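Q: The following block contains the structure, expressed as structure tokens.
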Amino acid sequence: MTAHVEVMDLVAQMKAAEQAFVLATVVRTVSVTAAKAGAKAVIRPDGTIVAGWIGGGCARGAVLKAAREALADGEPRMVSVQPEDLLSELGVKPGENRDGIRFASNMCPSQGTMDIFVEPMLPHPSLVIFGASPVAMSLAAPAADRTGEPDAHVIVDGFEPRYLTDARRFVVVSTQGKGDEAALRKAVAIKAAYHAFVGSGRKMTALREKLIAAGVAPGALDRVKAPAGLDLGAITPEEIAMSIMAEITVERRRGQRAANSVANS
């Protein structure tokens, strides 16, 4: 009981700190196994088990692999670690997925079976906006009141992003002539799933040349989408902001759509 309380305390702390991690829970065991049903472990993105226990090497490799995949696409997984003779009876091979279950071979002498539920705990996606242009304000303002104050989690003067969490990040530069170079330099230094610049492709090309001459890596600048947003024929700041959010939605769901297609095939 004490171990479970400590694990759940850490889960609450990491959620509050907006950190990414996996909660692995043993949901079923058969025969002799090191961990029993109800055992839990907290796993960081680097594969470190920071609290709890779900058994030794018999299950660890399969669970850590599932944890990495779950953090990548945000989808939970069920891992079933079984002796090879039982897998043969089921007609499945180690590493095979069937009906939403990933099967793995238990090579330990105990030859028990463990089913482990692997649940990713991801912070809410983070939208990082550089600038205070009308488009930037429309991106940050509540949808119900585009003329109101920005509904931002953190507002920072200048281009020094602080308080970045482990969340999947989407970065938009919307300075519109006010500090474009400085903002782009800081923006491309942030690890993110999406970088975009609100401005024409011609302007981005000119800025790219200046930044490369100043020492910024060309590859980092090549990741920047310019102009930002889907081509919806947007004209007003609100419409441009909507096109950017639509493009971010496409990027956010890309891995999940692929994962669902595989699961349903």
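As shown in the structure tokens, the chain order sets the letters A, B, ...; within each chain, residues go from 1, and ligands are also counted from 1 in the order they appear.
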Apply DSSP to the backbone of this structure and, from stretch 40-82 of chain A, keep only the residues in helix (DSSP H, G or I); write these as a PyMOL selection string.

A: chain A and resi 57-73

Q: Near A:Glu209, within 12 Å and counting only C-alpha atoms, which residues show up once chain neighbours fewer than 6 positions away are dropped, as a list of chain:residue names?

A: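 So the residues in contact are A:Glu181, A:Arg202, A:Lys203, A:Gly215, A:Val216, A:Ala217, A:Pro218, A:Leu221, A:Asp222.
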
Q: Please provide as a JSON list (two decimals) with N, CA and C atoms, in the first residue's frame all residues within 8 Å of stretch 51-66 of chain A, with the sequence filter that same-chain residues fewer than 2 positions apart are discarded (counting only C-alpha atoms).

A:
[["chain", "number", "residue", "atom", "x", "y", "z"],
["A", 3, "ALA", "N", 3.91, 1.67, -1.13],
["A", 3, "ALA", "CA", 4.55, 1.88, -2.43],
["A", 3, "ALA", "C", 3.58, 2.50, -3.42],
["A", 4, "HIS", "N", 2.33, 2.03, -3.42],
["A", 4, "HIS", "CA", 1.33, 2.58, -4.32],
["A", 4, "HIS", "C", 1.07, 4.05, -4.01],
["A", 6, "GLU", "N", 3.16, 6.18, -2.68],
["A", 6, "GLU", "CA", 4.30, 6.96, -3.13],
["A", 6, "GLU", "C", 4.27, 7.16, -4.65],
["A", 7, "VAL", "N", 3.90, 6.11, -5.38],
["A", 7, "VAL", "CA", 3.82, 6.22, -6.84],
["A", 7, "VAL", "C", 2.76, 7.23, -7.23],
["A", 10, "LEU", "N", 3.81, 10.78, -6.64],
["A", 10, "LEU", "CA", 4.72, 11.26, -7.69],
["A", 10, "LEU", "C", 3.95, 11.55, -8.97],
["A", 24, "ALA", "N", 2.85, 2.62, -15.69],
["A", 24, "ALA", "CA", 2.68, 1.22, -16.06],
["A", 24, "ALA", "C", 2.06, 0.48, -14.88],
["A", 25, "THR", "N", 1.00, -0.29, -15.16],
["A", 25, "THR", "CA", 0.28, -0.99, -14.10],
["A", 25, "THR", "C", 0.12, -2.46, -14.47],
["A", 26, "VAL", "N", 0.53, -3.35, -13.57],
["A", 26, "VAL", "CA", 0.31, -4.78, -13.77],
["A", 26, "VAL", "C", -1.16, -5.07, -13.49],
["A", 33, "THR", "N", 5.20, -14.91, -10.74],
["A", 33, "THR", "CA", 5.75, -13.68, -11.33],
["A", 33, "THR", "C", 6.34, -12.84, -10.21],
["A", 34, "ALA", "N", 7.34, -12.03, -10.56],
["A", 34, "ALA", "CA", 7.98, -11.19, -9.55],
["A", 34, "ALA", "C", 7.03, -10.12, -9.03],
["A", 35, "ALA", "N", 6.30, -9.48, -9.92],
["A", 35, "ALA", "CA", 5.33, -8.46, -9.53],
["A", 35, "ALA", "C", 3.92, -9.03, -9.61],
["A", 36, "LYS", "N", 3.03, -8.52, -8.80],
["A", 36, "LYS", "CA", 1.66, -9.00, -8.76],
["A", 36, "LYS", "C", 0.71, -7.93, -9.29],
["A", 39, "ALA", "N", 0.66, -3.78, -9.09],
["A", 39, "ALA", "CA", 1.97, -3.13, -9.03],
["A", 39, "ALA", "C", 2.05, -2.03, -10.08],
["A", 40, "LYS", "N", 2.70, -0.93, -9.73],
["A", 40, "LYS", "CA", 2.78, 0.22, -10.62],
["A", 40, "LYS", "C", 4.19, 0.75, -10.69],
["A", 41, "ALA", "N", 4.48, 1.44, -11.79],
["A", 41, "ALA", "CA", 5.78, 2.10, -11.95],
["A", 41, "ALA", "C", 5.62, 3.36, -12.78],
["A", 42, "VAL", "N", 6.40, 4.37, -12.43],
["A", 42, "VAL", "CA", 6.44, 5.62, -13.19],
["A", 42, "VAL", "C", 7.71, 5.62, -14.03],
["A", 43, "ILE", "N", 7.55, 5.83, -15.34],
["A", 43, "ILE", "CA", 8.67, 5.75, -16.28],
["A", 43, "ILE", "C", 8.83, 7.10, -17.00],
["A", 47, "GLY", "N", 13.39, 6.40, -20.24],
["A", 47, "GLY", "CA", 13.35, 5.00, -19.87],
["A", 47, "GLY", "C", 13.66, 4.72, -18.42],
["A", 49, "ILE", "N", 12.96, 4.25, -14.63],
["A", 49, "ILE", "CA", 11.84, 3.98, -13.71],
["A", 49, "ILE", "C", 12.15, 4.73, -12.43],
["A", 68, "ARG", "N", 8.02, 4.02, -24.68],
["A", 68, "ARG", "CA", 8.55, 4.97, -25.67],
["A", 68, "ARG", "C", 7.54, 5.22, -26.78],
["A", 69, "GLU", "N", 6.91, 4.16, -27.25],
["A", 69, "GLU", "CA", 5.94, 4.30, -28.33],
["A", 69, "GLU", "C", 4.70, 5.07, -27.85],
["A", 70, "ALA", "N", 4.28, 4.80, -26.62],
["A", 70, "ALA", "CA", 3.10, 5.48, -26.08],
["A", 70, "ALA", "C", 3.34, 6.97, -25.93],
["A", 77, "ARG", "N", -1.22, 1.33, -24.22],
["A", 77, "ARG", "CA", -0.95, 0.00, -24.76],
["A", 77, "ARG", "C", -1.12, -1.05, -23.67],
["A", 79, "VAL", "N", 0.53, -4.74, -22.73],
["A", 79, "VAL", "CA", 1.63, -5.65, -23.02],
["A", 79, "VAL", "C", 1.39, -6.95, -22.26],
["A", 81, "VAL", "N", 3.28, -10.38, -21.33],
["A", 81, "VAL", "CA", 4.54, -11.11, -21.31],
["A", 81, "VAL", "C", 4.23, -12.56, -20.92],
["A", 104, "ALA", "N", 4.89, -10.38, -25.75],
["A", 104, "ALA", "CA", 6.33, -10.48, -25.55],
["A", 104, "ALA", "C", 6.65, -11.80, -24.87],
["A", 106, "ASN", "N", 8.47, -14.27, -22.24],
["A", 106, "ASN", "CA", 9.06, -14.31, -20.92],
["A", 106, "ASN", "C", 10.16, -15.38, -20.91],
["A", 107, "MET", "N", 11.40, -14.92, -20.85],
["A", 107, "MET", "CA", 12.53, -15.84, -20.91],
["A", 107, "MET", "C", 13.05, -16.21, -19.52],
["A", 108, "CYS", "N", 12.38, -15.71, -18.47],
["A", 108, "CYS", "CA", 12.83, -15.99, -17.11],
["A", 108, "CYS", "C", 12.43, -17.40, -16.67],
["A", 114, "MET", "N", 2.42, -12.03, -17.31],
["A", 114, "MET", "CA", 2.09, -10.71, -16.77],
["A", 114, "MET", "C", 1.46, -9.86, -17.86],
["A", 116, "ILE", "N", 0.50, -5.97, -18.59],
["A", 116, "ILE", "CA", 0.82, -4.63, -18.07],
["A", 116, "ILE", "C", 0.16, -3.57, -18.94],
["A", 118, "VAL", "N", 0.09, 0.13, -20.14],
["A", 118, "VAL", "CA", 1.05, 1.22, -20.29],
["A", 118, "VAL", "C", 0.30, 2.48, -20.71]]

Q: With only C-alpha atoms as the atoms that count, which of A:Gln111, A:Ser31, A:Ser126, A:Ser138 lies nearest to A:Val171?

A: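 So, comparing all the options, the nearest one is A:Ser126.
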
Q: Would you mind listing what lies within 10 Å of stretch 239-253 of chain A as a PyMOL selection string, with only C-alpha atoms counted and same-chain residues fewer than 2 positions away left out?

A: chain A and resi 73-74+125+127+134-140+143+168-172+193-198+227-237+255-259

Q: Please identify the strand (DSSP E or B) residues within stretch 37-244 of chain A (assignment by DSSP from backbone atoms) and present them as a PyMOL selection string.

A: chain A and resi 40-43+49-52+77-82+97-98+101-105+113-121+126-130+169-173+194-197+224-225

Q: Given the choices A:Lys191, A:Glu160, A:Ala132, A:Gln13, which gets closest to A:Thr175 if the distance is worked out from only C-alpha atoms?

A: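 Once distances to A:Thr175 are computed over only C-alpha atoms, the minimum belongs to A:Ala132.
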
Q: Tell me which of A:Leu184, A:Val173, A:Met121, A:Leu87 sits closest to A:Ser133, counting only C-alpha atoms.

A: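 The closest residue to A:Ser133 is A:Val173.
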
Q: Between atom CA of A:Arg44 and atom CA of A:Pro109, what is the distance, to one decimal in Å?

A: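 So the answer is 28.5 Å.
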
Q: Of the candidates A:Pro120, A:Gly219, A:Phe159, A:Ala206, which shows the shortest atom-to-atom distance to A:Lys15, using only C-alpha atoms?

A: A:Pro120
